$ cat query.cif   # mmCIF, C-alpha atoms
data_protein
#
loop_
_atom_site.group_PDB
_atom_site.id
_atom_site.type_symbol
_atom_site.label_atom_id
_atom_site.label_comp_id
_atom_site.auth_asym_id
_atom_site.auth_seq_id
_atom_site.Cartn_x
_atom_site.Cartn_y
_atom_site.Cartn_z
ATOM 1 C CA MET A 503 -129.084 -8.261 -36.725
ATOM 2 C CA GLU A 504 -127.084 -11.356 -37.648
ATOM 3 C CA LYS A 505 -128.300 -13.283 -40.684
ATOM 4 C CA LYS A 506 -129.678 -16.779 -39.983
ATOM 5 C CA THR A 507 -130.175 -19.505 -42.594
ATOM 6 C CA TYR A 508 -132.198 -22.635 -41.846
ATOM 7 C CA LEU A 509 -130.666 -25.840 -43.254
ATOM 8 C CA THR A 510 -132.544 -29.095 -43.860
ATOM 9 C CA ARG A 511 -132.103 -32.468 -45.535
ATOM 10 C CA CYS A 512 -134.552 -31.574 -48.302
ATOM 11 C CA ASP A 513 -134.484 -27.881 -49.223
ATOM 12 C CA VAL A 514 -136.769 -27.118 -52.136
ATOM 13 C CA GLY A 515 -136.191 -24.221 -54.516
ATOM 14 C CA LEU A 516 -132.391 -24.133 -54.262
ATOM 15 C CA GLY A 517 -131.782 -25.656 -57.658
ATOM 16 C CA ASP A 518 -133.082 -28.520 -59.741
ATOM 17 C CA GLY A 519 -134.979 -30.682 -57.238
ATOM 18 C CA ALA A 520 -134.440 -31.105 -53.522
ATOM 19 C CA PHE A 521 -131.087 -30.094 -51.991
ATOM 20 C CA ASP A 522 -129.480 -31.512 -48.830
ATOM 21 C CA SER A 523 -128.022 -28.393 -47.205
ATOM 22 C CA ILE A 524 -126.882 -30.362 -44.115
ATOM 23 C CA ALA A 525 -124.609 -32.469 -46.368
ATOM 24 C CA TRP A 526 -123.495 -29.240 -48.086
ATOM 25 C CA ALA A 527 -122.481 -27.735 -44.716
ATOM 26 C CA PHE A 528 -120.418 -30.798 -43.805
ATOM 27 C CA ASP A 529 -118.725 -30.864 -47.208
ATOM 28 C CA THR A 530 -118.139 -27.111 -47.520
ATOM 29 C CA HIS A 531 -117.392 -25.927 -43.984
ATOM 30 C CA ILE A 532 -116.869 -28.773 -41.532
ATOM 31 C CA LYS A 533 -114.748 -30.887 -43.880
ATOM 32 C CA ALA A 534 -115.909 -34.104 -42.211
ATOM 33 C CA GLU A 535 -118.120 -37.013 -43.177
ATOM 34 C CA ASP A 536 -121.848 -36.410 -42.838
ATOM 35 C CA THR A 537 -123.053 -39.283 -40.648
ATOM 36 C CA GLY A 538 -126.722 -38.437 -41.206
ATOM 37 C CA GLU A 539 -127.504 -37.958 -37.516
ATOM 38 C CA TYR A 540 -128.529 -34.299 -37.854
ATOM 39 C CA ASN A 541 -131.734 -33.380 -39.671
ATOM 40 C CA SER A 542 -131.769 -29.603 -39.401
ATOM 41 C CA ALA A 543 -129.403 -26.770 -38.626
ATOM 42 C CA MET A 544 -129.206 -23.015 -38.203
ATOM 43 C CA LEU A 545 -126.317 -21.224 -39.924
ATOM 44 C CA TYR A 546 -125.373 -17.843 -38.447
ATOM 45 C CA GLY A 547 -123.736 -15.176 -40.595
ATOM 46 C CA ASN A 548 -122.538 -15.383 -44.171
ATOM 47 C CA GLU A 549 -123.079 -18.704 -45.965
ATOM 48 C CA ASP A 550 -119.535 -18.549 -47.373
ATOM 49 C CA ALA A 551 -117.940 -18.020 -43.945
ATOM 50 C CA PRO A 552 -120.488 -18.601 -41.163
ATOM 51 C CA ASP A 553 -119.784 -17.661 -37.547
ATOM 52 C CA LYS A 554 -121.347 -20.906 -36.350
ATOM 53 C CA ILE A 555 -123.745 -23.669 -37.326
ATOM 54 C CA GLU A 556 -126.089 -25.241 -34.762
ATOM 55 C CA PHE A 557 -127.102 -28.823 -35.616
ATOM 56 C CA TYR A 558 -130.292 -30.539 -34.409
ATOM 57 C CA ARG A 559 -131.361 -34.162 -34.586
ATOM 58 C CA GLU A 560 -135.004 -33.163 -35.044
ATOM 59 C CA ALA A 561 -136.200 -32.300 -38.551
ATOM 60 C CA VAL A 562 -138.151 -29.386 -37.078
ATOM 61 C CA PRO A 563 -136.687 -28.383 -33.705
ATOM 62 C CA ARG A 564 -138.791 -26.509 -31.183
ATOM 63 C CA TYR A 565 -138.118 -22.795 -30.841
ATOM 64 C CA ASP A 566 -136.347 -23.332 -27.500
ATOM 65 C CA ALA A 567 -134.497 -26.515 -28.548
ATOM 66 C CA VAL A 568 -130.893 -26.945 -27.505
ATOM 67 C CA PRO A 569 -128.633 -27.912 -30.418
ATOM 68 C CA ALA A 570 -127.104 -31.393 -30.365
ATOM 69 C CA TRP A 571 -123.815 -29.964 -31.657
ATOM 70 C CA VAL A 572 -122.458 -26.507 -32.492
ATOM 71 C CA TRP A 573 -119.690 -25.922 -35.024
ATOM 72 C CA TYR A 574 -117.756 -22.632 -34.879
ATOM 73 C CA TRP A 575 -115.782 -21.055 -37.711
ATOM 74 C CA PRO A 576 -112.137 -21.891 -36.992
ATOM 75 C CA LEU A 577 -110.004 -19.038 -35.710
ATOM 76 C CA GLU A 578 -106.730 -18.486 -37.507
ATOM 77 C CA ASP A 579 -103.526 -18.494 -35.448
#

$ encode --input "query.cif" --output "C-alpha cells"
Amino acid sequence: MEKKTYLTRCDVGLGDGAFDSIAWAFDTHIKAEDTGEYNSAMLYGNEDAPDKIEFYREAVPRYDAVPAWVWYWPLED
C-alpha cells in the first residue's frame, strides 16, 4: 500500500509550534511561489520524493473530493 501524508496550513506536532506543510511542499518540491489558494493536500509516497501531491482548496476536503490541482514528480529525460 502506498504511503499517504495529509498536508495542511497548520500542522501541529511537527516541531516548535504550528507548521505550514502546504508552503513546505511548494518550497521543497514544486519550486514555485505558494499563492495561498490551497488549504490541504495529500502527498503520495515518500516525503523526500513523492509520486504526486493532490491539492485542495478546502481545509478539510470530503472523502470523494476532486483535487483542484495535482502535481506529479518530474520524470527525468

$ closest_residue --input "query.cif" --among "A:Thr530, A:Glu535, A:Met503, A:Leu509" --to "Tyr558 of chain A" --atoms "all atoms listed in the file"
A:Leu509

$ residues_around --input "query.cif" --residues "Asp536 of chain A" --least-positions-apart "5" --cutoff "10 Å" --atoms "all atoms listed in the file" --output "list in words"
Ile524, Ala525, Trp526, Ala527, Phe528 and Asp529 of chain A

$ atom_distance --input "query.cif" --atom1 "atom CA of Glu549 of chain A" --atom2 "atom CA of Thr507 of chain A"
7.9 Å

$ closest_residue --input "query.cif" --among "A:Ala543, A:Val572, A:Ala520, A:Ala534" --to "Arg559 of chain A" --atoms "only C-alpha atoms"
A:Ala543

$ residues_around --input "query.cif" --residues "Asp522 of chain A" --least-positions-apart "4" --cutoff "7 Å" --atoms "all atoms listed in the file" --output "ChimeraX atom specification"
/A:510-513,526

$ build_atoms --input "query.cif" --residues "segment 548-561 of chain A" --atoms "N, CA and C atoms" --output "CSV table (one decimal), in the frame of the given file"
chain,number,residue,atom,x,y,z
A,548,ASN,N,-122.7,-15.2,-42.7
A,548,ASN,CA,-122.5,-15.4,-44.2
A,548,ASN,C,-122.4,-16.9,-44.5
A,549,GLU,N,-123.1,-17.3,-45.6
A,549,GLU,CA,-123.1,-18.7,-46.0
A,549,GLU,C,-121.7,-19.1,-46.4
A,550,ASP,N,-120.9,-18.2,-46.9
A,550,ASP,CA,-119.5,-18.5,-47.4
A,550,ASP,C,-118.6,-18.7,-46.2
A,551,ALA,N,-118.8,-18.0,-45.1
A,551,ALA,CA,-117.9,-18.0,-43.9
A,551,ALA,C,-118.8,-17.8,-42.7
A,552,PRO,N,-119.6,-18.8,-42.3
A,552,PRO,CA,-120.5,-18.6,-41.2
A,552,PRO,C,-119.7,-18.5,-39.8
A,553,ASP,N,-120.3,-17.8,-38.9
A,553,ASP,CA,-119.8,-17.7,-37.5
A,553,ASP,C,-119.9,-19.0,-36.8
A,554,LYS,N,-121.1,-19.6,-37.0
A,554,LYS,CA,-121.3,-20.9,-36.4
A,554,LYS,C,-122.5,-21.6,-37.1
A,555,ILE,N,-122.6,-22.9,-36.8
A,555,ILE,CA,-123.7,-23.7,-37.3
A,555,ILE,C,-124.2,-24.6,-36.2
A,556,GLU,N,-125.5,-24.4,-35.8
A,556,GLU,CA,-126.1,-25.2,-34.8
A,556,GLU,C,-126.8,-26.4,-35.4
A,557,PHE,N,-126.5,-27.6,-35.0
A,557,PHE,CA,-127.1,-28.8,-35.6
A,557,PHE,C,-128.1,-29.4,-34.6
A,558,TYR,N,-129.2,-29.9,-35.2
A,558,TYR,CA,-130.3,-30.5,-34.4
A,558,TYR,C,-130.6,-31.9,-35.0
A,559,ARG,N,-131.0,-32.8,-34.1
A,559,ARG,CA,-131.4,-34.2,-34.6
A,559,ARG,C,-132.8,-34.1,-35.1
A,560,GLU,N,-133.6,-33.3,-34.6
A,560,GLU,CA,-135.0,-33.2,-35.0
A,560,GLU,C,-135.1,-32.5,-36.4
A,561,ALA,N,-136.0,-32.9,-37.2
A,561,ALA,CA,-136.2,-32.3,-38.6
A,561,ALA,C,-136.7,-30.9,-38.4
